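For reference, data19.txt is printed below; it contains compact mmCIF, C-alpha atoms.
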# COMPACT_ATOMS: atom_id res chain seq x y z
CA MET A 1154 -31.53 6.53 2.40
CA PRO A 1155 -33.45 3.32 2.81
CA TYR A 1156 -31.95 0.02 3.83
CA VAL A 1157 -33.68 -3.15 2.66
CA ASN A 1158 -32.83 -6.64 3.87
CA ILE A 1159 -34.27 -9.55 1.92
CA LYS A 1160 -33.96 -12.99 3.45
CA ILE A 1161 -34.70 -16.03 1.28
CA THR A 1162 -33.90 -19.70 1.55
CA ARG A 1163 -30.72 -20.75 -0.25
CA GLU A 1164 -32.27 -22.66 -3.12
CA GLY A 1165 -30.38 -21.56 -6.17
CA ALA A 1166 -31.22 -17.90 -6.77
CA THR A 1167 -28.92 -16.77 -9.57
CA ALA A 1168 -26.81 -13.62 -9.67
CA GLU A 1169 -29.12 -12.34 -12.40
CA GLN A 1170 -32.22 -12.91 -10.24
CA LYS A 1171 -30.57 -11.18 -7.30
CA ALA A 1172 -29.68 -8.25 -9.55
CA ARG A 1173 -33.36 -7.99 -10.52
CA LEU A 1174 -34.41 -7.99 -6.85
CA ILE A 1175 -31.94 -5.20 -6.15
CA GLU A 1176 -33.05 -3.15 -9.14
CA GLY A 1177 -36.78 -3.69 -8.50
CA THR A 1178 -36.69 -2.90 -4.79
CA THR A 1179 -34.65 0.24 -5.34
CA GLN A 1180 -37.00 1.43 -8.07
CA LEU A 1181 -40.00 0.79 -5.82
CA LEU A 1182 -38.56 3.07 -3.13
CA VAL A 1183 -37.93 5.76 -5.74
CA ASP A 1184 -41.45 5.46 -7.15
CA VAL A 1185 -43.38 5.26 -3.87
CA LEU A 1186 -41.37 7.48 -1.53
CA GLY A 1187 -39.15 9.52 -3.85
CA LYS A 1188 -36.00 8.09 -2.23
CA ASN A 1189 -32.57 8.73 -3.71
CA PRO A 1190 -31.31 5.48 -5.28
CA LYS A 1191 -27.67 6.46 -4.67
CA THR A 1192 -28.19 6.01 -0.96
CA THR A 1193 -30.49 3.00 -1.14
CA PHE A 1194 -28.99 -0.30 0.01
CA VAL A 1195 -30.46 -3.73 -0.69
CA VAL A 1196 -28.85 -6.67 1.12
CA ILE A 1197 -29.93 -10.21 0.22
CA GLU A 1198 -29.27 -13.01 2.68
CA GLU A 1199 -29.63 -16.64 1.67
CA VAL A 1200 -30.40 -19.01 4.52
CA ASP A 1201 -29.90 -22.80 4.49
CA THR A 1202 -33.18 -24.72 4.52
CA ASP A 1203 -32.11 -26.42 7.78
CA ASN A 1204 -32.01 -22.97 9.37
CA TRP A 1205 -35.39 -21.65 8.23
CA GLY A 1206 -38.49 -22.83 10.02
CA ILE A 1207 -42.13 -22.34 9.25
CA ALA A 1208 -45.09 -23.86 11.08
CA GLY A 1209 -42.61 -25.28 13.59
CA GLU A 1210 -40.42 -27.31 11.26
CA PRO A 1211 -37.40 -26.74 9.01
CA VAL A 1212 -37.95 -26.03 5.33
CA THR A 1213 -35.70 -29.03 4.62
CA ALA A 1214 -38.39 -31.32 6.05
CA ILE A 1215 -41.20 -29.50 4.24
CA ARG A 1216 -39.36 -29.77 0.90
CA ALA A 1217 -38.61 -33.49 1.45
CA ARG A 1218 -42.26 -34.24 2.18
CA ALA A 1219 -43.44 -32.29 -0.86
CA LYS A 1220 -41.00 -34.23 -3.02
CA ALA A 1221 -42.05 -37.59 -1.55
CA SER A 1222 -45.67 -36.82 -2.33
CA GLY A 1223 -44.79 -35.77 -5.86
CA GLY A 1224 -45.40 -32.14 -4.95
CA MET B 160 -26.24 -4.46 27.11
CA PRO B 161 -25.97 -3.19 23.56
CA TYR B 162 -26.09 -5.32 20.46
CA VAL B 163 -24.28 -4.10 17.38
CA ASN B 164 -24.59 -5.67 13.95
CA ILE B 165 -22.07 -4.59 11.32
CA LYS B 166 -22.71 -5.65 7.75
CA ILE B 167 -19.93 -5.27 5.21
CA THR B 168 -19.27 -6.72 1.79
CA ARG B 169 -17.13 -9.87 1.81
CA GLU B 170 -13.97 -8.45 0.33
CA GLY B 171 -11.16 -9.84 2.43
CA ALA B 172 -11.49 -8.30 5.89
CA THR B 173 -8.95 -10.09 8.07
CA ALA B 174 -9.51 -11.58 11.52
CA GLU B 175 -7.27 -8.84 12.91
CA GLN B 176 -9.38 -6.11 11.26
CA LYS B 177 -12.56 -7.68 12.57
CA ALA B 178 -11.05 -7.82 16.06
CA ARG B 179 -10.33 -4.08 15.78
CA LEU B 180 -13.93 -3.39 14.76
CA ILE B 181 -15.17 -5.38 17.76
CA GLU B 182 -12.81 -3.63 20.16
CA GLY B 183 -13.46 -0.15 18.79
CA THR B 184 -17.24 -0.43 18.71
CA THR B 185 -17.38 -1.82 22.24
CA GLN B 186 -15.11 0.94 23.54
CA LEU B 187 -17.28 3.57 21.83
CA LEU B 188 -20.36 2.32 23.67
CA VAL B 189 -18.46 2.42 26.95
CA ASP B 190 -17.18 5.94 26.30
CA VAL B 191 -20.40 7.51 25.00
CA LEU B 192 -23.11 5.71 26.98
CA GLY B 193 -21.24 4.11 29.88
CA LYS B 194 -22.34 0.63 28.77
CA ASN B 195 -20.88 -2.50 30.39
CA PRO B 196 -18.53 -4.16 27.86
CA LYS B 197 -19.18 -7.60 29.39
CA THR B 198 -22.70 -7.51 28.02
CA THR B 199 -21.91 -5.77 24.73
CA PHE B 200 -22.18 -7.95 21.62
CA VAL B 201 -20.76 -7.05 18.21
CA VAL B 202 -21.73 -9.32 15.32
CA ILE B 203 -20.06 -8.81 11.93
CA GLU B 204 -21.75 -10.18 8.83
CA GLU B 205 -19.92 -10.38 5.51
CA VAL B 206 -22.15 -10.31 2.46
CA ASP B 207 -21.21 -11.47 -1.04
CA THR B 208 -20.93 -8.60 -3.51
CA ASP B 209 -23.63 -10.25 -5.67
CA ASN B 210 -25.99 -9.88 -2.72
CA TRP B 211 -25.36 -6.24 -1.87
CA GLY B 212 -26.96 -3.56 -3.99
CA ILE B 213 -26.50 0.16 -4.06
CA ALA B 214 -28.05 2.61 -6.50
CA GLY B 215 -30.03 -0.28 -7.92
CA GLU B 216 -27.19 -2.58 -8.92
CA PRO B 217 -24.99 -5.23 -7.29
CA VAL B 218 -21.62 -4.23 -5.89
CA THR B 219 -20.12 -6.90 -8.16
CA ALA B 220 -21.08 -4.81 -11.18
CA ILE B 221 -19.89 -1.57 -9.57
CA ARG B 222 -16.49 -3.11 -8.74
CA ALA B 223 -16.12 -4.57 -12.27
CA ARG B 224 -16.80 -1.18 -13.86
CA ALA B 225 -14.38 0.59 -11.53
CA LYS B 226 -11.69 -1.95 -12.40
CA ALA B 227 -12.37 -1.65 -16.16
CA SER B 228 -11.94 2.09 -15.95
CA GLY B 229 -8.74 1.73 -13.98
CA GLY B 230 -10.52 2.94 -10.84
CA MET C 1320 -20.83 0.69 2.00
CA PRO C 1321 -21.23 -0.71 5.48
CA TYR C 1322 -24.48 -0.83 7.37
CA VAL C 1323 -24.34 -0.74 11.15
CA ASN C 1324 -27.30 -1.37 13.42
CA ILE C 1325 -26.88 -0.47 17.10
CA LYS C 1326 -29.56 -1.65 19.48
CA ILE C 1327 -29.63 -0.20 23.00
CA THR C 1328 -32.22 -0.06 25.73
CA ARG C 1329 -34.33 3.11 25.71
CA GLU C 1330 -32.94 4.77 28.81
CA GLY C 1331 -32.41 8.37 27.87
CA ALA C 1332 -29.64 8.48 25.28
CA THR C 1333 -29.51 12.07 24.06
CA ALA C 1334 -29.39 13.27 20.46
CA GLU C 1335 -25.83 14.44 21.13
CA GLN C 1336 -24.80 10.99 22.39
CA LYS C 1337 -26.42 9.33 19.39
CA ALA C 1338 -24.55 11.73 17.08
CA ARG C 1339 -21.29 10.67 18.76
CA LEU C 1340 -22.12 6.98 18.21
CA ILE C 1341 -22.81 7.69 14.53
CA GLU C 1342 -19.61 9.68 14.10
CA GLY C 1343 -17.43 7.21 16.02
CA THR C 1344 -18.72 4.10 14.30
CA THR C 1345 -18.35 5.64 10.86
CA GLN C 1346 -14.80 6.77 11.61
CA LEU C 1347 -13.91 3.30 12.87
CA LEU C 1348 -14.99 1.77 9.55
CA VAL C 1349 -12.92 4.33 7.69
CA ASP C 1350 -9.86 3.71 9.87
CA VAL C 1351 -9.99 -0.09 9.99
CA LEU C 1352 -11.34 -1.02 6.57
CA GLY C 1353 -10.91 2.12 4.48
CA LYS C 1354 -14.68 2.34 3.87
CA ASN C 1355 -16.21 5.39 2.23
CA PRO C 1356 -18.13 7.34 4.89
CA LYS C 1357 -20.56 8.72 2.28
CA THR C 1358 -22.04 5.25 1.89
CA THR C 1359 -21.84 4.20 5.52
CA PHE C 1360 -25.15 3.97 7.37
CA VAL C 1361 -25.54 3.77 11.14
CA VAL C 1362 -29.03 3.04 12.46
CA ILE C 1363 -29.68 3.22 16.20
CA GLU C 1364 -32.68 1.43 17.64
CA GLU C 1365 -33.85 2.08 21.19
CA VAL C 1366 -35.75 -0.79 22.77
CA ASP C 1367 -38.07 -0.54 25.81
CA THR C 1368 -36.65 -2.28 28.87
CA ASP C 1369 -39.76 -4.52 28.98
CA ASN C 1370 -38.75 -5.80 25.53
CA TRP C 1371 -35.08 -6.55 26.20
CA GLY C 1372 -34.20 -9.69 28.08
CA ILE C 1373 -30.93 -10.92 29.47
CA ALA C 1374 -30.34 -14.03 31.57
CA GLY C 1375 -33.99 -14.89 31.01
CA GLU C 1376 -35.63 -11.80 32.42
CA PRO C 1377 -36.57 -8.32 31.22
CA VAL C 1378 -34.18 -5.45 31.86
CA THR C 1379 -37.09 -3.70 33.64
CA ALA C 1380 -36.91 -6.34 36.39
CA ILE C 1381 -33.12 -6.22 36.56
CA ARG C 1382 -33.14 -2.41 36.92
CA ALA C 1383 -35.87 -2.54 39.61
CA ARG C 1384 -33.90 -5.05 41.66
CA ALA C 1385 -30.69 -3.05 41.32
CA LYS C 1386 -32.53 0.06 42.51
CA ALA C 1387 -34.17 -1.77 45.44
CA SER C 1388 -30.76 -2.94 46.59
CA GLY C 1389 -29.34 0.56 46.28
CA GLY C 1390 -27.43 -0.47 43.16
CA MET D 463 -47.36 -13.85 12.11
CA PRO D 464 -44.20 -13.56 14.16
CA TYR D 465 -40.70 -13.54 12.78
CA VAL D 466 -37.91 -14.81 15.00
CA ASN D 467 -34.22 -14.48 14.21
CA ILE D 468 -31.80 -16.51 16.33
CA LYS D 469 -28.11 -15.75 15.99
CA ILE D 470 -25.61 -18.18 17.47
CA THR D 471 -21.91 -18.77 16.98
CA ARG D 472 -21.09 -21.43 14.39
CA GLU D 473 -19.85 -24.14 16.70
CA GLY D 474 -21.44 -27.32 15.46
CA ALA D 475 -25.17 -27.04 16.08
CA THR D 476 -26.74 -30.05 14.36
CA ALA D 477 -29.74 -30.08 12.05
CA GLU D 478 -31.63 -31.92 14.81
CA GLN D 479 -30.80 -29.22 17.37
CA LYS D 480 -31.83 -26.49 14.95
CA ALA D 481 -35.11 -28.32 14.32
CA ARG D 482 -35.71 -28.33 18.09
CA LEU D 483 -35.05 -24.58 18.28
CA ILE D 484 -37.54 -24.00 15.46
CA GLU D 485 -40.18 -26.21 17.05
CA GLY D 486 -39.71 -24.84 20.56
CA THR D 487 -39.75 -21.18 19.57
CA THR D 488 -42.84 -21.61 17.43
CA GLN D 489 -44.65 -23.46 20.22
CA LEU D 490 -43.72 -20.71 22.68
CA LEU D 491 -45.36 -18.08 20.47
CA VAL D 492 -48.47 -20.24 20.20
CA ASP D 493 -48.62 -20.79 23.96
CA VAL D 494 -47.88 -17.25 25.12
CA LEU D 495 -49.50 -15.10 22.43
CA GLY D 496 -51.84 -17.46 20.61
CA LYS D 497 -50.00 -16.93 17.33
CA ASN D 498 -50.74 -19.04 14.27
CA PRO D 499 -47.79 -21.41 13.70
CA LYS D 500 -48.48 -21.52 9.96
CA THR D 501 -47.34 -17.92 9.67
CA THR D 502 -44.54 -18.09 12.21
CA PHE D 503 -41.00 -17.94 10.80
CA VAL D 504 -37.85 -18.86 12.68
CA VAL D 505 -34.54 -18.06 10.98
CA ILE D 506 -31.29 -19.28 12.55
CA GLU D 507 -28.04 -17.60 11.60
CA GLU D 508 -24.70 -19.12 12.52
CA VAL D 509 -21.85 -16.64 12.84
CA ASP D 510 -18.12 -17.46 12.71
CA THR D 511 -16.40 -16.99 16.06
CA ASP D 512 -14.05 -14.45 14.45
CA ASN D 513 -17.10 -12.34 13.66
CA TRP D 514 -18.78 -12.38 17.08
CA GLY D 515 -17.41 -10.14 19.80
CA ILE D 516 -18.23 -9.91 23.46
CA ALA D 517 -16.51 -7.74 26.05
CA GLY D 518 -14.52 -6.19 23.22
CA GLU D 519 -12.89 -9.29 21.80
CA PRO D 520 -13.73 -12.05 19.33
CA VAL D 521 -15.17 -15.31 20.63
CA THR D 522 -12.26 -17.06 18.87
CA ALA D 523 -9.87 -15.46 21.36
CA ILE D 524 -12.14 -16.20 24.33
CA ARG D 525 -12.41 -19.87 23.34
CA ALA D 526 -8.64 -20.17 22.81
CA ARG D 527 -7.93 -18.75 26.25
CA ALA D 528 -10.51 -21.02 27.91
CA LYS D 529 -8.90 -24.01 26.22
CA ALA D 530 -5.38 -22.95 27.20
CA SER D 531 -6.45 -22.72 30.82
CA GLY D 532 -8.10 -26.11 30.64
CA GLY D 533 -11.54 -24.46 30.65
CA MET E 848 -41.20 -17.83 2.35
CA PRO E 849 -39.19 -14.64 2.07
CA TYR E 850 -38.85 -12.08 4.81
CA VAL E 851 -38.19 -8.50 3.81
CA ASN E 852 -37.27 -5.73 6.22
CA ILE E 853 -37.40 -2.17 4.92
CA LYS E 854 -35.91 0.55 7.09
CA ILE E 855 -36.64 4.16 6.23
CA THR E 856 -36.39 7.41 8.12
CA ARG E 857 -39.60 8.48 9.88
CA GLU E 858 -40.53 11.40 7.67
CA GLY E 859 -44.23 11.04 7.05
CA ALA E 860 -44.72 7.90 4.94
CA THR E 861 -48.48 7.35 4.77
CA ALA E 862 -50.34 4.09 5.35
CA GLU E 863 -51.17 4.09 1.64
CA GLN E 864 -47.51 4.43 0.67
CA LYS E 865 -46.55 1.66 3.06
CA ALA E 866 -49.25 -0.55 1.55
CA ARG E 867 -47.74 0.09 -1.88
CA LEU E 868 -44.28 -0.90 -0.62
CA ILE E 869 -45.72 -4.13 0.81
CA GLU E 870 -47.59 -4.94 -2.37
CA GLY E 871 -44.73 -4.07 -4.70
CA THR E 872 -42.04 -5.96 -2.77
CA THR E 873 -44.21 -9.07 -2.50
CA GLN E 874 -45.02 -8.98 -6.22
CA LEU E 875 -41.32 -8.61 -7.05
CA LEU E 876 -40.52 -11.79 -5.12
CA VAL E 877 -43.32 -13.61 -6.95
CA ASP E 878 -42.14 -12.36 -10.35
CA VAL E 879 -38.40 -12.90 -9.91
CA LEU E 880 -38.20 -16.00 -7.74
CA GLY E 881 -41.67 -17.55 -7.97
CA LYS E 882 -42.19 -17.19 -4.21
CA ASN E 883 -45.55 -17.85 -2.61
CA PRO E 884 -47.05 -14.50 -1.53
CA LYS E 885 -49.00 -16.16 1.30
CA THR E 886 -45.77 -16.81 3.14
CA THR E 887 -44.02 -13.59 2.20
CA PHE E 888 -43.58 -11.07 5.01
CA VAL E 889 -42.66 -7.42 4.57
CA VAL E 890 -41.85 -5.45 7.72
CA ILE E 891 -41.33 -1.69 7.49
CA GLU E 892 -39.44 0.09 10.25
CA GLU E 893 -39.43 3.86 10.52
CA VAL E 894 -36.41 5.32 12.27
CA ASP E 895 -36.17 8.80 13.82
CA THR E 896 -33.81 11.08 11.91
CA ASP E 897 -31.72 11.51 15.09
CA ASN E 898 -31.11 7.77 15.01
CA TRP E 899 -30.05 7.40 11.38
CA GLY E 900 -26.56 8.42 10.38
CA ILE E 901 -24.96 8.74 7.00
CA ALA E 902 -21.47 10.05 6.25
CA GLY E 903 -20.89 10.23 10.00
CA GLU E 904 -23.73 12.52 10.98
CA PRO E 905 -27.42 12.23 11.84
CA VAL E 906 -30.01 12.78 9.11
CA THR E 907 -31.50 15.49 11.37
CA ALA E 908 -28.38 17.60 10.83
CA ILE E 909 -28.29 16.88 7.10
CA ARG E 910 -31.94 17.91 6.71
CA ALA E 911 -31.43 21.10 8.75
CA ARG E 912 -28.49 22.12 6.59
CA ALA E 913 -30.38 21.40 3.37
CA LYS E 914 -33.27 23.53 4.62
CA ALA E 915 -30.98 26.39 5.69
CA SER E 916 -29.46 26.47 2.23
CA GLY E 917 -32.86 26.45 0.60
CA GLY E 918 -32.39 22.82 -0.42
CA MET F 1039 -23.94 -15.95 23.71
CA PRO F 1040 -27.01 -16.12 21.52
CA TYR F 1041 -28.98 -13.12 20.34
CA VAL F 1042 -32.66 -13.59 19.60
CA ASN F 1043 -34.86 -11.01 17.91
CA ILE F 1044 -38.61 -11.59 18.02
CA LYS F 1045 -40.78 -9.39 15.83
CA ILE F 1046 -44.53 -9.38 16.41
CA THR F 1047 -47.32 -7.06 15.44
CA ARG F 1048 -48.17 -4.43 18.07
CA GLU F 1049 -51.50 -5.80 19.21
CA GLY F 1050 -51.44 -5.58 22.96
CA ALA F 1051 -48.81 -8.04 24.18
CA THR F 1052 -48.48 -7.40 27.92
CA ALA F 1053 -45.27 -6.99 29.89
CA GLU F 1054 -46.03 -10.32 31.55
CA GLN F 1055 -46.38 -12.07 28.18
CA LYS F 1056 -43.16 -10.51 26.96
CA ALA F 1057 -41.40 -11.70 30.12
CA ARG F 1058 -42.62 -15.22 29.37
CA LEU F 1059 -41.26 -15.02 25.82
CA ILE F 1060 -37.89 -13.89 27.18
CA GLU F 1061 -37.79 -16.62 29.81
CA GLY F 1062 -38.95 -19.37 27.44
CA THR F 1063 -36.61 -18.51 24.61
CA THR F 1064 -33.62 -18.29 26.92
CA GLN F 1065 -34.46 -21.63 28.54
CA LEU F 1066 -34.82 -23.22 25.10
CA LEU F 1067 -31.28 -22.15 24.17
CA VAL F 1068 -29.98 -23.55 27.45
CA ASP F 1069 -31.82 -26.85 26.96
CA VAL F 1070 -31.03 -27.42 23.29
CA LEU F 1071 -27.55 -25.95 22.90
CA GLY F 1072 -26.24 -25.62 26.45
CA LYS F 1073 -25.89 -21.85 26.06
CA ASN F 1074 -25.09 -19.64 29.04
CA PRO F 1075 -28.23 -17.64 29.94
CA LYS F 1076 -26.14 -14.78 31.37
CA THR F 1077 -24.99 -13.92 27.87
CA THR F 1078 -28.26 -14.65 26.07
CA PHE F 1079 -30.16 -11.62 24.80
CA VAL F 1080 -33.78 -11.61 23.67
CA VAL F 1081 -35.05 -8.44 21.99
CA ILE F 1082 -38.75 -8.11 21.20
CA GLU F 1083 -39.86 -5.61 18.58
CA GLU F 1084 -43.52 -4.68 18.18
CA VAL F 1085 -44.46 -3.47 14.72
CA ASP F 1086 -47.57 -1.43 13.83
CA THR F 1087 -50.06 -3.41 11.76
CA ASP F 1088 -49.77 -0.78 8.99
CA ASN F 1089 -46.08 -1.68 8.73
CA TRP F 1090 -46.39 -5.46 8.57
CA GLY F 1091 -47.42 -7.07 5.32
CA ILE F 1092 -48.31 -10.61 4.48
CA ALA F 1093 -49.57 -11.93 1.16
CA GLY F 1094 -49.01 -8.47 -0.27
CA GLU F 1095 -51.19 -6.43 2.06
CA PRO F 1096 -50.91 -4.77 5.47
CA VAL F 1097 -52.11 -6.67 8.54
CA THR F 1098 -54.38 -3.68 9.23
CA ALA F 1099 -56.41 -4.57 6.14
CA ILE F 1100 -56.42 -8.27 6.96
CA ARG F 1101 -57.68 -7.59 10.49
CA ALA F 1102 -60.38 -5.22 9.25
CA ARG F 1103 -61.67 -7.77 6.77
CA ALA F 1104 -61.69 -10.53 9.40
CA LYS F 1105 -63.66 -8.27 11.72
CA ALA F 1106 -66.15 -7.28 9.01
CA SER F 1107 -66.82 -10.95 8.28
CA GLY F 1108 -67.28 -11.68 11.96
CA GLY F 1109 -63.93 -13.43 12.06

Would you give me this structure, written as structure tokens?
Amino acid sequence: MPYVNIKITREGATAEQKARLIEGTTQLLVDVLGKNPKTTFVVIEEVDTDNWGIAGEPVTAIRARAKASGG
Amino acid sequence: MPYVNIKITREGATAEQKARLIEGTTQLLVDVLGKNPKTTFVVIEEVDTDNWGIAGEPVTAIRARAKASGG
Amino acid sequence: MPYVNIKITREGATAEQKARLIEGTTQLLVDVLGKNPKTTFVVIEEVDTDNWGIAGEPVTAIRARAKASGG
Amino acid sequence: MPYVNIKITREGATAEQKARLIEGTTQLLVDVLGKNPKTTFVVIEEVDTDNWGIAGEPVTAIRARAKASGG
Amino acid sequence: MPYVNIKITREGATAEQKARLIEGTTQLLVDVLGKNPKTTFVVIEEVDTDNWGIAGEPVTAIRARAKASGG
Amino acid sequence: MPYVNIKITREGATAEQKARLIEGTTQLLVDVLGKNPKTTFVVIEEVDTDNWGIAGEPVTAIRARAKASGG
């Protein structure tokens, strides 16, 4: 009865991509640990780039800089 | 000083229902463990059905199938 | 299919008390939101008092002071 | 490689304030534990006041009462 | 920069199995969303069966009953 | 009434260091958002290096390799 929480930045993941994450994660828990998929939950949370920091600054700033530099 | 996080699918829970969840969970922690309600937090998170998976597929798909079959 | 995470300080909650928290929280979700108990998870996490802070200091220090003052 | 999750009520925190939380938390982990900022994540989640309870009632109700009493 | 938290019951998952969960989850995020593995975290938490409830009762009780019935 | 959860690898953080994390994080929320420290929680979770993955492998393996190379 695993519970998986996936947090990603909100940058346009589609319903189809999220369905693949759910399917793949569940299958992984079946394959590796023999878990029952019927009681396996996968919850995806999408977080605004203003609210996610790495290396001390928001992802919004990191993305803006990458764009400015043609990255 | 307990902290309780309740995750549910976003399917129309009302403010009144959420208030009942907050009240009931807090009271349970008082009754069972003698916790101080003043430092008991209950945080409810509502998750889109596209983002919640069970048995390897999104709740959106499960709800659609149930509806199609008259469930 | 709710998921509930209860965090408390590790201060001797018994298996019987934890079973009551699980039962009570699940029943609350059935009563208030009509959730299916078969797909309701409750996960209790017990946290060392050194690792839980409130008002800027660890619970260990708060408990020691309360004890020293006969609290 | 720390991961920090900050949950606050959704009451108007600005992007600039959230950037300061991200910067300050990351710096704290560098200063206290010598962690590498490049692999330090800070995720801020803002929760509606209807969904956050303290002392058994939603923050929405607490705020309304404080306002009514001129608080 | 995804963050994945996997909670499972503490029932003997080996270091090798946990390494496979880490590798598989990270690869899934690369394949489905094109995420950078260098900033992908996977954190596995193992929870005592007394502390995990499903259908209103602890997994400890469910396992004991399954064993008693030869399950 | 913020709630902060700090996850770090279990690699010998002392009670004094954890107290500094609690104090610093709480002060940051007071300084940046004017939060009340009395209802600010900080919960630190220490995770075994086998259970924390980055770049698709457990921290245990990363540490071993760094040590072998004199890192």

Inset, instruction - With a distance cut-off of 10 Å and all atoms listed in the file, select the neighbouring residues of Gln874 of chain E, excluding the residue or stretch itself and same-chain residues fewer than 6 positions from it, and output the selection as a list in words. - result: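 Here the qualifying residues turn out to be Leu868, Leu880, Gly881, Lys882, Asn883, Pro884 and Thr887 of chain E; Ala1093 and Gly1094 of chain F.
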
Inset, instruction - Rounded to one decimal place, report the atom CA of Asp1203 of chain A-atom CA of Glu485 of chain D distance in Å. - result: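 Between these atoms lies a distance of 12.3 Å.
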
Legend entry - Residue hits in chain F, query chain B, radius 12 Å, all atoms listed in the file, as a PyMOL selection string: chain F and resi 1039-1043+1075-1081

Those same residues - C-alpha atoms - I'd like them written as a CSV table (one decimal), in the coordinates of the input.
chain,number,residue,atom,x,y,z
F,1039,MET,CA,-23.9,-16.0,23.7
F,1040,PRO,CA,-27.0,-16.1,21.5
F,1041,TYR,CA,-29.0,-13.1,20.3
F,1042,VAL,CA,-32.7,-13.6,19.6
F,1043,ASN,CA,-34.9,-11.0,17.9
F,1075,PRO,CA,-28.2,-17.6,29.9
F,1076,LYS,CA,-26.1,-14.8,31.4
F,1077,THR,CA,-25.0,-13.9,27.9
F,1078,THR,CA,-28.3,-14.6,26.1
F,1079,PHE,CA,-30.2,-11.6,24.8
F,1080,VAL,CA,-33.8,-11.6,23.7
F,1081,VAL,CA,-35.0,-8.4,22.0

Inset, instruction - Can you work out the spacing between atom CA of Leu490 of chain D and atom CA of Glu1365 of chain C in Å, to one decimal? - result: 24.9 Å

Around all the atoms of segment 1039-1044 of chain F listed in the file, draw an axis-aligned box and extend it by 4 Å on each of the six sides; I want its centre and edge lengths in Å to one decimal, as AutoDock Vina command-line options.
--center_x -31.3 --center_y -13.6 --center_z 20.8 --size_x 22.7 --size_y 13.1 --size_z 13.8

Inset, instruction - Please measure the separation of atom CA of Ile1082 of chain F and atom CA of Ile1060 of chain F, giving the value in Å to one decimal. - result: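 Separation between atom CA of Ile1082 of chain F and atom CA of Ile1060 of chain F: 8.4 Å.
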
Quick one: everything within 10 Å of Arg472 of chain D, counting all atoms listed in the file, minus sequence neighbours fewer than 5 positions away in the same chain. Send it as a CSV table (one decimal) with C-alpha atoms, keeping the file's coordinate frame.
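Generated file (around_39.csv):
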chain,number,residue,atom,x,y,z
D,507,GLU,CA,-28.0,-17.6,11.6
D,508,GLU,CA,-24.7,-19.1,12.5
D,509,VAL,CA,-21.8,-16.6,12.8
D,510,ASP,CA,-18.1,-17.5,12.7
D,511,THR,CA,-16.4,-17.0,16.1
D,512,ASP,CA,-14.0,-14.4,14.4
D,513,ASN,CA,-17.1,-12.3,13.7
D,514,TRP,CA,-18.8,-12.4,17.1
